[in-house]
Structures are given as structure tokens and as C-alpha cells.
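Novice: After the C-alpha cells below, expect a handful of questions from me.
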Amino acid sequence: MKPTKKILIISYYWPPAGGPGVQRWLKFVKYLLDFNIEPHVYIPENPTYPLLDEKLVSEVSEKAIIIKQPIFEPYVLASVFSKNKTKKISSGIIPNQKKQSFVEKAMLWIRGNVFIPDARVFWVKPSVTFLKKYLKEHQIDTIITTGPPHSLHLIGLQLKKELNITWLADFRDPWTTIGYHKQLKLSSWATNKHKALEKEVMNTCDQLIVTSPTTKAEFEAITSKPIEVITNGYDVEQVSKKPLDEKFTLAHIGSFLSARNPQILWKALQELTEENSEFNQQFQLKLIGAVSAEVLQSIKEFKLENHVNFLGYMPHNEAIIEQRSSQVLLLIEIDSEETKCIIPGKLFEYMVSERPIIAIGPENADFSQIIKETNTGTFFKYNEFDALKKQILTCFEQFQQHNLKVYPVGLQQYSRKSLTEKLSKLLNSKF
């Protein structure tokens, strides 16, 4: 069957990029043709990705039409001064302010005040020039921009102004209220510039897509344009099975940022190792992904370093295998008002792993409701130390009895195919 609609998706992250940012549109593109929509995907030819996962290339749909154009990124120049610091900052790992070197402070100031909205802003003008011609030649009248990086929304903004097209702006994360934004040492001028661009994008696009209810409510205060919540989700992963870990493993998959350093968890684990000899013998903390120096230092201060199995960054499919063989999965979010809206993409993969989740986050976090409704784990606020410690011990006792299981409900709504169907209905009904 010939597709009834063609769309252009403008994305920075695409395989071989690693990390969570690439998954959302990789999976939408995989399933859009099932709903008679032909995706054209516009991506940079020579991007500077902080994480690479070559194995994700095999997941790109063979039917997707991929268009590439060169991009200039100042991260290439910054890496001359410090390749390691540049890579960490570009991947979102920002050191504690008190421990920042002069180079790190300078890089953060430049990132926030010179490159607005971000360091991919130099791709906007050449992309608009190229895409105006491409859209006309291929008779495409609907585009989707996905950010961050939010520079890509500026491509959509300019194309909307110059062509008679429909534009959907997909925000995987907020713009000016995201947690790290205040760490960019913004001047008042830069702050106002970010907010002005954010407002212009939201009020010029035809439709906004966001990943959480809190973000929707936040954006409704800025614009009257329609806003649809389409969360991230899980895909059917064909990975080899591995037996459950013999030790009582608590596993954290993904970047463990400086601000996401749960002292409440380390204290509970320290007390359990000191009070319970069997727990001390059986417990292991499994860390997969980039981990900040501050987190590793805290683990050491709470005398847990001998329990750590640090596996580093792993390709997505290998991380899934390790995830499903873990006894308990840890989901940690920063304790702040700004992070209530964050629903980590790994939550959905956690939910289908059939392993119990222990989550810690801010009060009224959007993801806490999902965990509760799907019966996939337990959520704790940062002031619920006793309850957290008790739950870890309960899980350990169930582990000893070979009875550590979860019984999820209602997961199908979060499958990537179901979410793509929701997107396709949005595209077909309104545009």
C-alpha cells in the first residue's frame, strides 16, 4: 500500500548516536509506515555525539529516507582545550559548581551565553536553505522538529515563516526550565533571549508534543497552541537471555549525574550492610553508563565501594541484557521542582524487564504515577528514608526466598507501536 502522507522529521540524534535521546524518533520512524506515513529524516552528516552505539544502526528502518547535511559544531574547537571535559558537558554531566575548573566554568558560560539556544545553532541557516528546496521537490507539507537541541526548533520556525507548511514541535525535554539550564551561568540578556525564542517557537508551531503531563501544564502557561502528551516507551527487544544475577544486585542503567546523587539511598545501603551480615555478603551495586565523580565519591564515603560492579557505558542491547538479569532496578531523579516533569526513557524498558523498580524522586513526579498504575515498583521521596530502607530489605528477603517478582499491568499503552499509532492519528486527524 502506498503511503497516504509524507512527513519530514528534523533530528540531531540518530544512530550511531547512543543514549536515550536517539530512541524516541528511531522507533517512531520504525513504525510510521505501518500507519501509511512515509518518514523522511533530516540529520547532520558529521555530528559530535558524546555517546556512540554502532549497534543501533541496524535498527534504522530500511524504508526510511535519510537525508544528511554537514554541520559545524564549536564542540570540535572546544575539545582542543579539553576533550574529556567537552565530552562530559555535551552529554549533560556538569560538575558540582564548587569543583568546576576555570576551563569548565568558561565552557559553561560560553555554552549558555554565546550559543543560543545551544551549540548546534550554526546548523539552522544552511538547513533552512537546503530544506526549502527539498520540501518543495518532494511535495512534503508537514515537518516535525525534535529537541533538544532546541536549535532544531529554529529550523522549523524559519521554514514555517517562509513556506506554507504544517509544523509540529516535539519537546523531549523542556527548554528554559530543564534542570541544568540554571547551571549555564546565564546573563540576564541570555536568559531573556532563551525565553523569547522559546515563546516564539511555541506560538508559531501548529502543534506541540511533549513527553509528560507536567510539561504540558507548564507550556499551557506560555501558549494556547494545542499540546499532546506522547510519552517515551518500550520496544520489543530481541536480546539473548541471561540468568538472573546470583548476587542481590541493585542496578542503575544510564547517566548518573552529579545532581542525581541520592544520599538517602547510600545511607540506607550502608546501614543494611552494617546491620545484616547476609545482606553485606550478597549485595552488589551494578552501575551501567557514565557516572559522575561526585556519585563515585559519595559511594566511597558511605563505604560501599567494595560492593560496586561498574560496567561503564554499554551498547543498548547489551545494557538491556544486564538490566533483565538484575534483581532490582534503580531509577533516580533529581530532587527539584524542575524535574517533576522528567519521565526517564529507561523507565519503560525497566517496566517490561519483569524486575522490580525502586525509584527515588521529587514529590508529585510524573513517573511515580506510571510506576504505581503499572504495578512495576515502588516510588520514594527524598525524605522517606525509613520506608526506602524497609523496601530494600523486603526485596532482599524475597530474593533469599527466590520470590522476588513483579506483576505488571497495562503496559501495552507504552509500546512504541501503540505510541506511533497515537502520533499517526494526530498527524492524520489535524493535518
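Going by the C-alpha cells order, chains are called A, B, ..., each with residues numbered from 1, while ligands are numbered from 1 in the order shown.
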As a list in words, please: every residue in segment 206-239 of chain A that a backbone DSSP assignment puts in strand (DSSP E).

Specialist: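 After running DSSP on the backbone, segment 206-239 of chain A has strand (DSSP E) at Gln207, Leu208, Ile209, Val210, Ile227, Glu228 and Val229 of chain A.
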
Novice: Using N, CA, C and O atoms, can you export the residues from the last selection as a compact mmCIF listing (two decimals), in the first residue's frame?

Specialist:
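Everything below was put into result37.txt:
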```
# COMPACT_ATOMS: atom_id res chain seq x y z
N GLN A 207 1.39 22.58 16.37
CA GLN A 207 1.09 21.57 17.39
C GLN A 207 2.35 21.33 18.20
O GLN A 207 3.45 21.22 17.65
N LEU A 208 2.18 21.22 19.52
CA LEU A 208 3.29 20.84 20.40
C LEU A 208 3.09 19.40 20.85
O LEU A 208 1.95 18.97 21.11
N ILE A 209 4.19 18.67 20.94
CA ILE A 209 4.18 17.33 21.51
C ILE A 209 5.15 17.33 22.68
O ILE A 209 6.29 17.81 22.55
N VAL A 210 4.71 16.82 23.82
CA VAL A 210 5.57 16.76 24.99
C VAL A 210 5.53 15.35 25.57
O VAL A 210 4.69 14.53 25.17
N ILE A 227 -1.51 21.02 22.64
CA ILE A 227 -0.38 20.26 23.18
C ILE A 227 -0.83 18.82 23.42
O ILE A 227 -1.84 18.58 24.09
N GLU A 228 -0.08 17.88 22.89
CA GLU A 228 -0.39 16.45 23.05
C GLU A 228 0.73 15.79 23.85
O GLU A 228 1.92 16.03 23.59
N VAL A 229 0.36 14.96 24.82
CA VAL A 229 1.35 14.18 25.56
C VAL A 229 1.54 12.83 24.88
O VAL A 229 0.60 12.05 24.77
```

Novice: Find the spatial neighbours of Leu8 of chain A, counting only C-alpha atoms, within a cut-off of 8 Å - ignore same-chain residues fewer than 6 positions away - and output them as a list in words.

Specialist: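 With the cut-off at 8 Å, the set is Pro39, His40, Val41, Tyr42, Ile140, Thr142, Ile143 and Ile144 of chain A.
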
Novice: Those selected residues, please, written with all heavy atoms and delivered as an mmCIF file, in the first residue's frame.

Specialist:
```cif
data_model
loop_
_atom_site.group_PDB
_atom_site.id
_atom_site.type_symbol
_atom_site.label_atom_id
_atom_site.label_comp_id
_atom_site.auth_asym_id
_atom_site.auth_seq_id
_atom_site.Cartn_x
_atom_site.Cartn_y
_atom_site.Cartn_z
ATOM 1 N N PRO A 39 8.217 8.451 6.361
ATOM 2 C CA PRO A 39 9.105 9.389 7.058
ATOM 3 C C PRO A 39 10.376 9.710 6.266
ATOM 4 O O PRO A 39 11.084 8.815 5.810
ATOM 5 C CB PRO A 39 9.448 8.636 8.345
ATOM 6 C CG PRO A 39 9.368 7.181 7.969
ATOM 7 C CD PRO A 39 8.386 7.073 6.832
ATOM 8 N N HIS A 40 10.636 10.989 6.096
ATOM 9 C CA HIS A 40 11.920 11.478 5.602
ATOM 10 C C HIS A 40 12.630 12.053 6.824
ATOM 11 O O HIS A 40 12.052 12.880 7.543
ATOM 12 C CB HIS A 40 11.721 12.559 4.539
ATOM 13 C CG HIS A 40 11.057 12.074 3.289
ATOM 14 N ND1 HIS A 40 11.618 12.221 2.039
ATOM 15 C CD2 HIS A 40 9.868 11.439 3.097
ATOM 16 C CE1 HIS A 40 10.796 11.705 1.128
ATOM 17 N NE2 HIS A 40 9.719 11.230 1.751
ATOM 18 N N VAL A 41 13.855 11.645 7.074
ATOM 19 C CA VAL A 41 14.553 12.050 8.294
ATOM 20 C C VAL A 41 15.789 12.871 7.932
ATOM 21 O O VAL A 41 16.684 12.399 7.231
ATOM 22 C CB VAL A 41 14.980 10.823 9.140
ATOM 23 C CG1 VAL A 41 15.570 11.278 10.464
ATOM 24 C CG2 VAL A 41 13.790 9.894 9.375
ATOM 25 N N TYR A 42 15.811 14.105 8.408
ATOM 26 C CA TYR A 42 16.921 15.015 8.154
ATOM 27 C C TYR A 42 17.833 15.056 9.382
ATOM 28 O O TYR A 42 17.395 15.384 10.481
ATOM 29 C CB TYR A 42 16.383 16.415 7.854
ATOM 30 C CG TYR A 42 17.454 17.460 7.642
ATOM 31 C CD1 TYR A 42 18.244 17.458 6.495
ATOM 32 C CD2 TYR A 42 17.657 18.464 8.588
ATOM 33 C CE1 TYR A 42 19.223 18.428 6.298
ATOM 34 C CE2 TYR A 42 18.624 19.446 8.391
ATOM 35 C CZ TYR A 42 19.408 19.418 7.257
ATOM 36 O OH TYR A 42 20.383 20.376 7.050
ATOM 37 N N ILE A 140 6.356 17.746 0.331
ATOM 38 C CA ILE A 140 6.110 17.455 1.751
ATOM 39 C C ILE A 140 5.598 18.733 2.403
ATOM 40 O O ILE A 140 6.236 19.784 2.304
ATOM 41 C CB ILE A 140 7.398 16.970 2.450
ATOM 42 C CG1 ILE A 140 7.904 15.681 1.798
ATOM 43 C CG2 ILE A 140 7.150 16.752 3.942
ATOM 44 C CD1 ILE A 140 9.268 15.232 2.299
ATOM 45 N N THR A 142 4.377 18.712 5.790
ATOM 46 C CA THR A 142 4.347 18.571 7.246
ATOM 47 C C THR A 142 5.760 18.255 7.758
ATOM 48 O O THR A 142 6.406 17.328 7.260
ATOM 49 C CB THR A 142 3.395 17.448 7.686
ATOM 50 O OG1 THR A 142 2.078 17.736 7.213
ATOM 51 C CG2 THR A 142 3.354 17.324 9.205
ATOM 52 N N ILE A 143 6.222 19.033 8.751
ATOM 53 C CA ILE A 143 7.537 18.777 9.332
ATOM 54 C C ILE A 143 7.397 18.605 10.845
ATOM 55 O O ILE A 143 6.468 19.130 11.464
ATOM 56 C CB ILE A 143 8.555 19.898 9.030
ATOM 57 C CG1 ILE A 143 8.136 21.217 9.709
ATOM 58 C CG2 ILE A 143 8.740 20.079 7.527
ATOM 59 C CD1 ILE A 143 9.211 22.286 9.673
ATOM 60 N N ILE A 144 8.329 17.855 11.407
ATOM 61 C CA ILE A 144 8.420 17.689 12.857
ATOM 62 C C ILE A 144 9.848 18.006 13.269
ATOM 63 O O ILE A 144 10.799 17.447 12.711
ATOM 64 C CB ILE A 144 8.063 16.258 13.291
ATOM 65 C CG1 ILE A 144 6.628 15.909 12.878
ATOM 66 C CG2 ILE A 144 8.234 16.101 14.803
ATOM 67 C CD1 ILE A 144 6.232 14.466 13.169
#
```

Novice: Could you name the residues that touch Leu419 of chain A at 10 Å or less, counting only C-alpha atoms, but leaving out those on the same chain fewer than 2 positions away, as a tab-separated table (two decimals) with N, CA and C atoms, in the first residue's frame?

Specialist:
```tsv
chain	number	residue	atom	x	y	z
A	27	LYS	N	12.39	4.90	16.89
A	27	LYS	CA	11.28	3.95	17.00
A	27	LYS	C	10.02	4.47	16.29
A	28	PHE	N	9.75	5.78	16.37
A	28	PHE	CA	8.62	6.30	15.61
A	28	PHE	C	8.80	6.02	14.12
A	31	TYR	N	7.97	2.50	12.91
A	31	TYR	CA	6.58	2.05	12.81
A	31	TYR	C	5.67	2.96	12.00
A	230	ILE	N	2.73	12.59	24.38
A	230	ILE	CA	3.11	11.27	23.88
A	230	ILE	C	4.41	10.90	24.60
A	231	THR	N	4.31	10.01	25.54
A	231	THR	CA	5.47	9.65	26.35
A	231	THR	C	6.48	8.87	25.51
A	232	ASN	N	7.63	8.61	26.09
A	232	ASN	CA	8.53	7.62	25.51
A	232	ASN	C	7.95	6.24	25.83
A	233	GLY	N	8.62	5.19	25.37
A	233	GLY	CA	8.05	3.86	25.58
A	233	GLY	C	9.08	2.77	25.44
A	234	TYR	N	8.58	1.56	25.27
A	234	TYR	CA	9.46	0.40	25.12
A	234	TYR	C	9.20	-0.27	23.78
A	412	GLN	N	0.83	-2.26	27.63
A	412	GLN	CA	0.71	-2.17	26.18
A	412	GLN	C	0.60	-0.73	25.67
A	413	GLN	N	-0.03	0.13	26.46
A	413	GLN	CA	-0.20	1.53	26.03
A	413	GLN	C	1.14	2.25	25.84
A	414	TYR	N	2.21	1.71	26.44
A	414	TYR	CA	3.52	2.33	26.33
A	414	TYR	C	4.43	1.64	25.31
A	415	SER	N	3.88	0.73	24.53
A	415	SER	CA	4.70	0.11	23.48
A	415	SER	C	4.97	1.14	22.39
A	416	ARG	N	6.12	1.04	21.76
A	416	ARG	CA	6.49	2.01	20.73
A	416	ARG	C	5.48	2.01	19.57
A	417	LYS	N	4.94	0.85	19.25
A	417	LYS	CA	3.98	0.80	18.15
A	417	LYS	C	2.67	1.50	18.54
A	421	GLU	N	1.09	4.83	16.76
A	421	GLU	CA	-0.30	4.92	16.30
A	421	GLU	C	-0.94	6.21	16.80
A	422	LYS	N	-0.65	6.57	18.04
A	422	LYS	CA	-1.18	7.82	18.60
A	422	LYS	C	-0.65	9.01	17.81
A	423	LEU	N	0.65	8.98	17.48
A	423	LEU	CA	1.25	10.05	16.67
A	423	LEU	C	0.61	10.11	15.29
A	424	SER	N	0.40	8.95	14.67
A	424	SER	CA	-0.18	8.91	13.32
A	424	SER	C	-1.60	9.47	13.31
A	425	LYS	N	-2.37	9.19	14.35
A	425	LYS	CA	-3.73	9.73	14.43
A	425	LYS	C	-3.71	11.24	14.56
```

Novice: One number please: atom CA of Tyr382 of chain A to atom CA of Ser326 of chain A, in Å, one decimal.

Specialist: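 Here the two named atoms are 23.6 Å from each other.
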
Novice: Name all residues at most 12 Å from Phe396 of chain A (count only C-alpha atoms; drop same-chain ones fewer than 2 positions away) and give them as a ChimeraX atom specification.

Specialist: /A:247-250,269,272-273,276,278-284,327-328,356,389-394,398-405

Novice: Restricting the output to N, CA and C atoms, write the selected residues as a short mmCIF file (atom, residue, chain, number, x, y, z; two decimals), in the first residue's frame.

Specialist:
```cif
data_model
loop_
_atom_site.label_atom_id
_atom_site.label_comp_id
_atom_site.auth_asym_id
_atom_site.auth_seq_id
_atom_site.Cartn_x
_atom_site.Cartn_y
_atom_site.Cartn_z
N LYS A 247 23.99 -12.67 42.83
CA LYS A 247 24.02 -11.73 43.95
C LYS A 247 22.75 -10.88 43.95
N PHE A 248 22.50 -10.22 45.07
CA PHE A 248 21.36 -9.31 45.17
C PHE A 248 21.78 -7.98 44.54
N THR A 249 21.60 -7.85 43.23
CA THR A 249 22.07 -6.68 42.50
C THR A 249 21.00 -5.59 42.44
N LEU A 250 21.41 -4.40 42.80
CA LEU A 250 20.64 -3.20 42.54
C LEU A 250 21.34 -2.50 41.38
N LEU A 269 21.75 1.81 52.25
CA LEU A 269 22.55 0.64 51.88
C LEU A 269 23.70 0.44 52.87
N LEU A 272 22.27 -1.13 56.01
CA LEU A 272 21.89 -2.53 55.79
C LEU A 272 23.12 -3.43 55.73
N THR A 273 24.21 -2.94 55.13
CA THR A 273 25.43 -3.76 55.07
C THR A 273 26.05 -3.91 56.45
N ASN A 276 23.22 -6.20 58.68
CA ASN A 276 22.78 -7.51 58.21
C ASN A 276 23.95 -8.18 57.49
N GLU A 278 24.24 -11.12 56.11
CA GLU A 278 23.86 -11.79 54.85
C GLU A 278 23.70 -10.77 53.73
N PHE A 279 23.08 -9.63 54.05
CA PHE A 279 22.95 -8.57 53.05
C PHE A 279 24.33 -8.10 52.62
N ASN A 280 25.22 -7.93 53.57
CA ASN A 280 26.59 -7.48 53.28
C ASN A 280 27.31 -8.44 52.32
N GLN A 281 27.05 -9.73 52.48
CA GLN A 281 27.70 -10.73 51.62
C GLN A 281 27.07 -10.78 50.22
N GLN A 282 25.76 -10.57 50.16
CA GLN A 282 25.04 -10.80 48.90
C GLN A 282 24.84 -9.55 48.04
N PHE A 283 24.91 -8.37 48.64
CA PHE A 283 24.56 -7.14 47.93
C PHE A 283 25.63 -6.72 46.93
N GLN A 284 25.16 -6.26 45.76
CA GLN A 284 26.06 -5.69 44.76
C GLN A 284 25.35 -4.51 44.08
N GLN A 327 18.56 -8.03 39.85
CA GLN A 327 17.49 -8.36 40.80
C GLN A 327 16.52 -7.19 41.00
N VAL A 328 17.07 -5.98 41.15
CA VAL A 328 16.25 -4.78 41.35
C VAL A 328 16.83 -3.68 40.47
N PRO A 356 11.61 -5.75 39.68
CA PRO A 356 11.02 -4.66 40.47
C PRO A 356 11.87 -3.39 40.42
N LYS A 389 14.51 2.14 53.12
CA LYS A 389 15.35 1.09 53.72
C LYS A 389 14.54 -0.19 53.92
N LYS A 390 13.31 -0.03 54.39
CA LYS A 390 12.44 -1.19 54.63
C LYS A 390 12.13 -1.92 53.32
N GLN A 391 11.90 -1.17 52.23
CA GLN A 391 11.58 -1.79 50.94
C GLN A 391 12.78 -2.56 50.39
N ILE A 392 13.98 -1.99 50.53
CA ILE A 392 15.18 -2.70 50.07
C ILE A 392 15.33 -4.02 50.82
N LEU A 393 15.11 -3.96 52.14
CA LEU A 393 15.21 -5.18 52.94
C LEU A 393 14.14 -6.20 52.55
N THR A 394 12.92 -5.72 52.26
CA THR A 394 11.85 -6.61 51.81
C THR A 394 12.24 -7.31 50.51
N GLN A 398 12.79 -11.33 49.83
CA GLN A 398 12.13 -12.05 48.73
C GLN A 398 13.16 -12.71 47.83
N PHE A 399 14.28 -12.04 47.62
CA PHE A 399 15.39 -12.60 46.84
C PHE A 399 15.90 -13.89 47.50
N GLN A 400 16.06 -13.86 48.81
CA GLN A 400 16.52 -15.04 49.54
C GLN A 400 15.54 -16.21 49.42
N GLN A 401 14.27 -15.87 49.32
CA GLN A 401 13.23 -16.90 49.22
C GLN A 401 12.93 -17.27 47.76
N HIS A 402 13.72 -16.72 46.82
CA HIS A 402 13.52 -16.95 45.38
C HIS A 402 12.11 -16.53 44.95
N ASN A 403 11.67 -15.40 45.51
CA ASN A 403 10.31 -14.95 45.25
C ASN A 403 10.27 -13.45 44.94
N LEU A 404 11.36 -12.94 44.36
CA LEU A 404 11.43 -11.51 44.02
C LEU A 404 10.89 -11.31 42.61
N LYS A 405 9.64 -10.89 42.50
CA LYS A 405 8.96 -10.77 41.21
C LYS A 405 8.07 -9.53 41.21
#
```

Novice: So that I can check the surroundings of Thr129 of chain A, please list as a ChimeraX atom specification every protein, DNA and RNA residue that reaches within 12 Å of it, counting only C-alpha atoms and ignoring chain neighbours fewer than 3 positions away.

Specialist: /A:69,123-126,132-136,155-156,158-159,162-163
